[in-house]
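Notes for the one structure printed next.
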Number of protein chains: 2
Amino acid sequence: MSSKRTTIFVCVSCKLAIDGHGNDFEKPGRELAAAVDDHLRGAGASGIEVRPVECLSVCKRACTIAFTGQNKWTYLIGGVDAKTHADEISVTAQRFAASEDGIIPWKERPLFFRKGVIARVPPETYRITEKAE
Amino acid sequence: MSSKRTTIFVCVSCKLAIDGHGNDFEKPGRELAAAVDDHLRGAGASGIEVRPVECLSVCKRACTIAFTGQNKWTYLIGGVDAKTHADEISVTAQRFAASEDGIIPWKERPLFFRKGVIARVPPETYRITEKAE
């Protein structure tokens with residue numbers, strides 16, 4: 001496993017309507033961050049930090065999280081459910097941390113990840129390959 | 001101006017339909033990257049690099065670009081027009097480079113930026129402030 005540090009940013013500004021009319025809402029980001037942290041501790045994962053952030057500007061796809069790490073692609077994932085996805089986020093973060101470049105093979109990506117990708121950003125070390133030209 | 005390096009990633013995989021039926025398309029990313037680079041050179045901007053990237057996973061909002069820099073928020077912007085936005089992207093990149101944290105004041109953001117934000121990601125140095133709690 002790579003020894004480089006991984007951070008999971010969790011948006012705590014994301015709002016979810018809870019009355020069906022958009023008049024009342026909850027902000028499940030802090031609950032999600034705590035649940036992911038619990039799962040990581042339970043798994044004995046090291047070098048992975050869960051960090052709350054006030055807005056990732058993906059307000060239409062609450063909750064939103066981002067997987068980041070040194071010399072790795074950053075992945076932004078929306079539509080995350082605080083109640084059902086915390087365990088899978090923990091497992092995915094460990095796969096992300098273990099990867100060389102942050103790119104997790106498709107078959108190892110859980111459904112929340114496959115369906116939720118908002119965007120990705122290459123690391124500073126990235127250079128386009130001839131193959132992609 | 002900050003001496004830290006700024007990178008503008010430009011997606012060269014982004015497809016735009018050119019026949020109205022989605023049967024034929026162009027990939028304007030390389031043209032956009034070259035045009036932004038021309039404007040930066042024309043402005044004598046230093047420390048800002050335009051770098052093609054094969055996919056930023058924002059395929060529904062072509063073209064997509066990302067402003068990144070050390071210890072700065074990363075901004076992903078979609079719906080960028082290769083023919084009309086290159087100059088504004090160059091100016092915005094210089095404001096981004098000159099900023100402390102990558103956050104450009106709203107009134108200094110051109111329309112392509114205001115309308116195009118897909119997401120943002122904090123720098124590794126980010127910690128949530130008490131105010132945002």
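Lettering and numbering for the structure tokens are positional, with chains as A, B, ... in the shown order, residues counted from 1 in each chain, and ligands counted from 1 in the shown order.
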
Next item on the list: Please provide as JSON, numbers by chain all residues within 9 Å of Pro52 in chain A, with the sequence filter that same-chain residues fewer than 5 positions apart are discarded (counting only C-alpha atoms).
Entry: {"A": [8, 9, 10, 11, 12, 29, 30, 33], "B": [127, 128]}

N, CA, C and O atoms of the current selection, written as a CSV table (one decimal), in the first residue's frame:
```
chain,number,residue,atom,x,y,z
A,8,ILE,N,-10.3,12.3,2.5
A,8,ILE,CA,-11.7,12.3,2.0
A,8,ILE,C,-12.4,13.6,2.5
A,8,ILE,O,-12.6,13.7,3.7
A,9,PHE,N,-12.6,14.5,1.5
A,9,PHE,CA,-13.3,15.7,1.9
A,9,PHE,C,-14.8,15.4,1.9
A,9,PHE,O,-15.3,14.8,0.9
A,10,VAL,N,-15.5,15.8,2.9
A,10,VAL,CA,-17.0,15.6,3.0
A,10,VAL,C,-17.7,17.0,3.1
A,10,VAL,O,-17.4,17.7,4.1
A,11,CYS,N,-18.5,17.3,2.2
A,11,CYS,CA,-19.2,18.6,2.2
A,11,CYS,C,-20.3,18.6,3.3
A,11,CYS,O,-21.1,17.7,3.4
A,12,VAL,N,-20.1,19.5,4.2
A,12,VAL,CA,-21.1,19.6,5.3
A,12,VAL,C,-22.1,20.8,5.1
A,12,VAL,O,-22.9,21.1,5.9
A,29,GLY,N,-23.9,15.9,6.1
A,29,GLY,CA,-22.5,15.8,5.9
A,29,GLY,C,-21.7,15.4,7.1
A,29,GLY,O,-20.8,14.6,7.1
A,30,ARG,N,-22.0,16.0,8.2
A,30,ARG,CA,-21.3,15.7,9.5
A,30,ARG,C,-21.5,14.3,9.9
A,30,ARG,O,-20.6,13.6,10.4
A,33,ALA,N,-19.5,12.1,7.6
A,33,ALA,CA,-18.0,12.2,7.9
A,33,ALA,C,-17.7,11.3,9.1
A,33,ALA,O,-16.8,10.5,9.1
B,127,ARG,N,-8.4,23.6,6.2
B,127,ARG,CA,-9.1,23.2,7.4
B,127,ARG,C,-10.3,24.0,7.5
B,127,ARG,O,-10.3,25.2,7.3
B,128,ILE,N,-11.4,23.4,7.9
B,128,ILE,CA,-12.7,24.1,8.0
B,128,ILE,C,-12.6,25.2,9.1
B,128,ILE,O,-11.9,25.0,10.1
```

Alpha helix (DSSP H) residues, from DSSP on the backbone, in range 55-124 of chain B, as a PDB file with all heavy atoms, in the first residue's frame:
```pdb
ATOM      1  N   ALA B  86     -11.466  31.991 -24.708  1.00  0.00           N
ATOM      2  CA  ALA B  86     -10.037  31.818 -24.466  1.00  0.00           C
ATOM      3  C   ALA B  86      -9.411  33.027 -23.765  1.00  0.00           C
ATOM      4  O   ALA B  86      -8.606  32.883 -22.842  1.00  0.00           O
ATOM      5  CB  ALA B  86      -9.309  31.541 -25.785  1.00  0.00           C
ATOM      6  N   ASP B  87      -9.805  34.225 -24.193  1.00  0.00           N
ATOM      7  CA  ASP B  87      -9.236  35.437 -23.597  1.00  0.00           C
ATOM      8  C   ASP B  87      -9.640  35.542 -22.123  1.00  0.00           C
ATOM      9  O   ASP B  87      -8.804  35.806 -21.246  1.00  0.00           O
ATOM     10  CB  ASP B  87      -9.703  36.675 -24.378  1.00  0.00           C
ATOM     11  CG  ASP B  87      -8.972  37.938 -23.950  1.00  0.00           C
ATOM     12  OD1 ASP B  87      -7.951  37.824 -23.241  1.00  0.00           O
ATOM     13  OD2 ASP B  87      -9.422  39.037 -24.323  1.00  0.00           O
ATOM     14  N   GLU B  88     -10.931  35.333 -21.844  1.00  0.00           N
ATOM     15  CA  GLU B  88     -11.398  35.413 -20.454  1.00  0.00           C
ATOM     16  C   GLU B  88     -10.764  34.329 -19.575  1.00  0.00           C
ATOM     17  O   GLU B  88     -10.506  34.544 -18.390  1.00  0.00           O
ATOM     18  CB  GLU B  88     -12.925  35.283 -20.407  1.00  0.00           C
ATOM     19  CG  GLU B  88     -13.654  36.532 -20.889  1.00  0.00           C
ATOM     20  CD  GLU B  88     -15.152  36.404 -20.763  1.00  0.00           C
ATOM     21  OE1 GLU B  88     -15.674  35.277 -20.863  1.00  0.00           O
ATOM     22  OE2 GLU B  88     -15.810  37.430 -20.573  1.00  0.00           O
ATOM     23  N   ILE B  89     -10.520  33.163 -20.157  1.00  0.00           N
ATOM     24  CA  ILE B  89      -9.856  32.090 -19.387  1.00  0.00           C
ATOM     25  C   ILE B  89      -8.437  32.527 -19.015  1.00  0.00           C
ATOM     26  O   ILE B  89      -7.972  32.314 -17.894  1.00  0.00           O
ATOM     27  CB  ILE B  89      -9.838  30.770 -20.191  1.00  0.00           C
ATOM     28  CG1 ILE B  89     -11.267  30.236 -20.334  1.00  0.00           C
ATOM     29  CG2 ILE B  89      -8.940  29.731 -19.516  1.00  0.00           C
ATOM     30  CD1 ILE B  89     -11.404  29.098 -21.329  1.00  0.00           C
ATOM     31  N   SER B  90      -7.767  33.160 -19.974  1.00  0.00           N
ATOM     32  CA  SER B  90      -6.415  33.664 -19.712  1.00  0.00           C
ATOM     33  C   SER B  90      -6.419  34.689 -18.575  1.00  0.00           C
ATOM     34  O   SER B  90      -5.597  34.626 -17.648  1.00  0.00           O
ATOM     35  CB  SER B  90      -5.849  34.297 -20.996  1.00  0.00           C
ATOM     36  OG  SER B  90      -4.770  35.154 -20.702  1.00  0.00           O
ATOM     37  N   VAL B  91      -7.350  35.630 -18.634  1.00  0.00           N
ATOM     38  CA  VAL B  91      -7.450  36.664 -17.590  1.00  0.00           C
ATOM     39  C   VAL B  91      -7.780  36.027 -16.237  1.00  0.00           C
ATOM     40  O   VAL B  91      -7.198  36.362 -15.198  1.00  0.00           O
ATOM     41  CB  VAL B  91      -8.516  37.710 -17.973  1.00  0.00           C
ATOM     42  CG1 VAL B  91      -8.773  38.672 -16.814  1.00  0.00           C
ATOM     43  CG2 VAL B  91      -8.078  38.483 -19.218  1.00  0.00           C
ATOM     44  N   THR B  92      -8.725  35.084 -16.255  1.00  0.00           N
ATOM     45  CA  THR B  92      -9.126  34.418 -15.015  1.00  0.00           C
ATOM     46  C   THR B  92      -7.964  33.639 -14.411  1.00  0.00           C
ATOM     47  O   THR B  92      -7.770  33.623 -13.191  1.00  0.00           O
ATOM     48  CB  THR B  92     -10.318  33.477 -15.291  1.00  0.00           C
ATOM     49  OG1 THR B  92     -11.384  34.239 -15.860  1.00  0.00           O
ATOM     50  CG2 THR B  92     -10.795  32.806 -14.018  1.00  0.00           C
ATOM     51  N   ALA B  93      -7.192  32.980 -15.265  1.00  0.00           N
ATOM     52  CA  ALA B  93      -6.046  32.213 -14.774  1.00  0.00           C
ATOM     53  C   ALA B  93      -5.034  33.127 -14.093  1.00  0.00           C
ATOM     54  O   ALA B  93      -4.417  32.757 -13.076  1.00  0.00           O
ATOM     55  CB  ALA B  93      -5.386  31.466 -15.928  1.00  0.00           C
ATOM     56  N   GLN B  94      -4.876  34.337 -14.622  1.00  0.00           N
ATOM     57  CA  GLN B  94      -3.939  35.277 -13.993  1.00  0.00           C
ATOM     58  C   GLN B  94      -4.467  35.747 -12.634  1.00  0.00           C
ATOM     59  O   GLN B  94      -3.694  35.916 -11.685  1.00  0.00           O
ATOM     60  CB  GLN B  94      -3.708  36.466 -14.930  1.00  0.00           C
ATOM     61  CG  GLN B  94      -2.946  36.065 -16.195  1.00  0.00           C
ATOM     62  CD  GLN B  94      -2.900  37.179 -17.228  1.00  0.00           C
ATOM     63  OE1 GLN B  94      -2.198  38.168 -17.056  1.00  0.00           O
ATOM     64  NE2 GLN B  94      -3.645  37.024 -18.309  1.00  0.00           N
ATOM     65  N   ARG B  95      -5.798  35.947 -12.532  1.00  0.00           N
ATOM     66  CA  ARG B  95      -6.395  36.310 -11.239  1.00  0.00           C
ATOM     67  C   ARG B  95      -6.267  35.149 -10.256  1.00  0.00           C
ATOM     68  O   ARG B  95      -5.997  35.350  -9.074  1.00  0.00           O
ATOM     69  CB  ARG B  95      -7.870  36.685 -11.430  1.00  0.00           C
ATOM     70  CG  ARG B  95      -8.040  38.017 -12.132  1.00  0.00           C
ATOM     71  CD  ARG B  95      -9.504  38.349 -12.397  1.00  0.00           C
ATOM     72  NE  ARG B  95      -9.597  39.613 -13.127  1.00  0.00           N
ATOM     73  CZ  ARG B  95     -10.611  39.972 -13.896  1.00  0.00           C
ATOM     74  NH1 ARG B  95     -11.666  39.170 -14.038  1.00  0.00           N
ATOM     75  NH2 ARG B  95     -10.605  41.130 -14.521  1.00  0.00           N
ATOM     76  N   PHE B  96      -6.494  33.938 -10.754  1.00  0.00           N
ATOM     77  CA  PHE B  96      -6.363  32.737  -9.927  1.00  0.00           C
ATOM     78  C   PHE B  96      -4.922  32.633  -9.411  1.00  0.00           C
ATOM     79  O   PHE B  96      -4.691  32.397  -8.222  1.00  0.00           O
ATOM     80  CB  PHE B  96      -6.732  31.517 -10.775  1.00  0.00           C
ATOM     81  CG  PHE B  96      -6.658  30.196 -10.053  1.00  0.00           C
ATOM     82  CD1 PHE B  96      -7.756  29.705  -9.355  1.00  0.00           C
ATOM     83  CD2 PHE B  96      -5.507  29.428 -10.090  1.00  0.00           C
ATOM     84  CE1 PHE B  96      -7.705  28.484  -8.696  1.00  0.00           C
ATOM     85  CE2 PHE B  96      -5.437  28.208  -9.436  1.00  0.00           C
ATOM     86  CZ  PHE B  96      -6.544  27.732  -8.733  1.00  0.00           C
ATOM     87  N   ALA B  97      -3.957  32.829 -10.306  1.00  0.00           N
ATOM     88  CA  ALA B  97      -2.543  32.719  -9.917  1.00  0.00           C
ATOM     89  C   ALA B  97      -2.176  33.780  -8.878  1.00  0.00           C
ATOM     90  O   ALA B  97      -1.377  33.531  -7.975  1.00  0.00           O
ATOM     91  CB  ALA B  97      -1.655  32.863 -11.161  1.00  0.00           C
ATOM     92  N   ALA B  98      -2.766  34.968  -9.026  1.00  0.00           N
ATOM     93  CA  ALA B  98      -2.437  36.069  -8.110  1.00  0.00           C
ATOM     94  C   ALA B  98      -3.129  35.922  -6.760  1.00  0.00           C
ATOM     95  O   ALA B  98      -2.715  36.540  -5.771  1.00  0.00           O
ATOM     96  CB  ALA B  98      -2.849  37.398  -8.742  1.00  0.00           C
ATOM     97  N   LEU B 111     -18.570  35.713 -16.881  1.00  0.00           N
ATOM     98  CA  LEU B 111     -19.807  34.931 -16.945  1.00  0.00           C
ATOM     99  C   LEU B 111     -19.549  33.437 -17.161  1.00  0.00           C
ATOM    100  O   LEU B 111     -20.234  32.587 -16.576  1.00  0.00           O
ATOM    101  CB  LEU B 111     -20.694  35.477 -18.071  1.00  0.00           C
ATOM    102  CG  LEU B 111     -22.189  35.193 -17.945  1.00  0.00           C
ATOM    103  CD1 LEU B 111     -22.762  35.708 -16.630  1.00  0.00           C
ATOM    104  CD2 LEU B 111     -22.941  35.784 -19.127  1.00  0.00           C
ATOM    105  N   PHE B 112     -18.556  33.099 -17.984  1.00  0.00           N
ATOM    106  CA  PHE B 112     -18.295  31.673 -18.246  1.00  0.00           C
ATOM    107  C   PHE B 112     -17.959  30.958 -16.952  1.00  0.00           C
ATOM    108  O   PHE B 112     -18.302  29.782 -16.769  1.00  0.00           O
ATOM    109  CB  PHE B 112     -17.148  31.509 -19.269  1.00  0.00           C
ATOM    110  CG  PHE B 112     -15.775  31.443 -18.660  1.00  0.00           C
ATOM    111  CD1 PHE B 112     -15.232  30.233 -18.232  1.00  0.00           C
ATOM    112  CD2 PHE B 112     -15.016  32.602 -18.470  1.00  0.00           C
ATOM    113  CE1 PHE B 112     -13.967  30.176 -17.656  1.00  0.00           C
ATOM    114  CE2 PHE B 112     -13.763  32.552 -17.898  1.00  0.00           C
ATOM    115  CZ  PHE B 112     -13.241  31.336 -17.489  1.00  0.00           C
ATOM    116  N   PHE B 113     -17.307  31.675 -16.021  1.00  0.00           N
ATOM    117  CA  PHE B 113     -16.902  31.096 -14.750  1.00  0.00           C
ATOM    118  C   PHE B 113     -18.110  31.002 -13.816  1.00  0.00           C
ATOM    119  O   PHE B 113     -18.379  29.949 -13.216  1.00  0.00           O
ATOM    120  CB  PHE B 113     -15.791  31.953 -14.134  1.00  0.00           C
ATOM    121  CG  PHE B 113     -15.061  31.317 -12.984  1.00  0.00           C
ATOM    122  CD1 PHE B 113     -13.747  30.902 -13.120  1.00  0.00           C
ATOM    123  CD2 PHE B 113     -15.674  31.152 -11.748  1.00  0.00           C
ATOM    124  CE1 PHE B 113     -13.062  30.318 -12.065  1.00  0.00           C
ATOM    125  CE2 PHE B 113     -14.996  30.576 -10.672  1.00  0.00           C
ATOM    126  CZ  PHE B 113     -13.693  30.169 -10.836  1.00  0.00           C
ATOM    127  N   ARG B 114     -18.858  32.087 -13.713  1.00  0.00           N
ATOM    128  CA  ARG B 114     -20.029  32.093 -12.823  1.00  0.00           C
ATOM    129  C   ARG B 114     -21.015  31.002 -13.178  1.00  0.00           C
ATOM    130  O   ARG B 114     -21.592  30.362 -12.309  1.00  0.00           O
ATOM    131  CB  ARG B 114     -20.730  33.452 -12.893  1.00  0.00           C
ATOM    132  CG  ARG B 114     -19.925  34.589 -12.325  1.00  0.00           C
ATOM    133  CD  ARG B 114     -20.734  35.889 -12.352  1.00  0.00           C
ATOM    134  NE  ARG B 114     -19.950  37.006 -11.868  1.00  0.00           N
ATOM    135  CZ  ARG B 114     -20.412  38.241 -11.727  1.00  0.00           C
ATOM    136  NH1 ARG B 114     -21.677  38.515 -12.048  1.00  0.00           N
ATOM    137  NH2 ARG B 114     -19.635  39.206 -11.279  1.00  0.00           N
ATOM    138  N   LYS B 115     -21.244  30.830 -14.492  1.00  0.00           N
ATOM    139  CA  LYS B 115     -22.252  29.867 -14.951  1.00  0.00           C
ATOM    140  C   LYS B 115     -21.718  28.444 -15.057  1.00  0.00           C
ATOM    141  O   LYS B 115     -22.498  27.494 -15.137  1.00  0.00           O
ATOM    142  CB  LYS B 115     -22.781  30.290 -16.329  1.00  0.00           C
ATOM    143  CG  LYS B 115     -23.689  31.497 -16.293  1.00  0.00           C
ATOM    144  CD  LYS B 115     -24.393  31.661 -17.623  1.00  0.00           C
ATOM    145  CE  LYS B 115     -25.574  32.597 -17.502  1.00  0.00           C
ATOM    146  NZ  LYS B 115     -26.335  32.706 -18.765  1.00  0.00           N
ATOM    147  N   GLY B 116     -20.393  28.310 -15.093  1.00  0.00           N
ATOM    148  CA  GLY B 116     -19.843  27.010 -15.457  1.00  0.00           C
ATOM    149  C   GLY B 116     -19.290  26.150 -14.338  1.00  0.00           C
ATOM    150  O   GLY B 116     -18.832  25.031 -14.602  1.00  0.00           O
TER     151      GLY B 116
END
```

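Checking A:Val36, A:Ala45, A:Ile103, A:Cys55 one by one against chain B, counting only C-alpha atoms, you find the shortest gap at A:Cys55.
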
Checklist line | 12 Å contacts from chain A to chain B using only C-alpha atoms, as a count of residues only | finding: 59
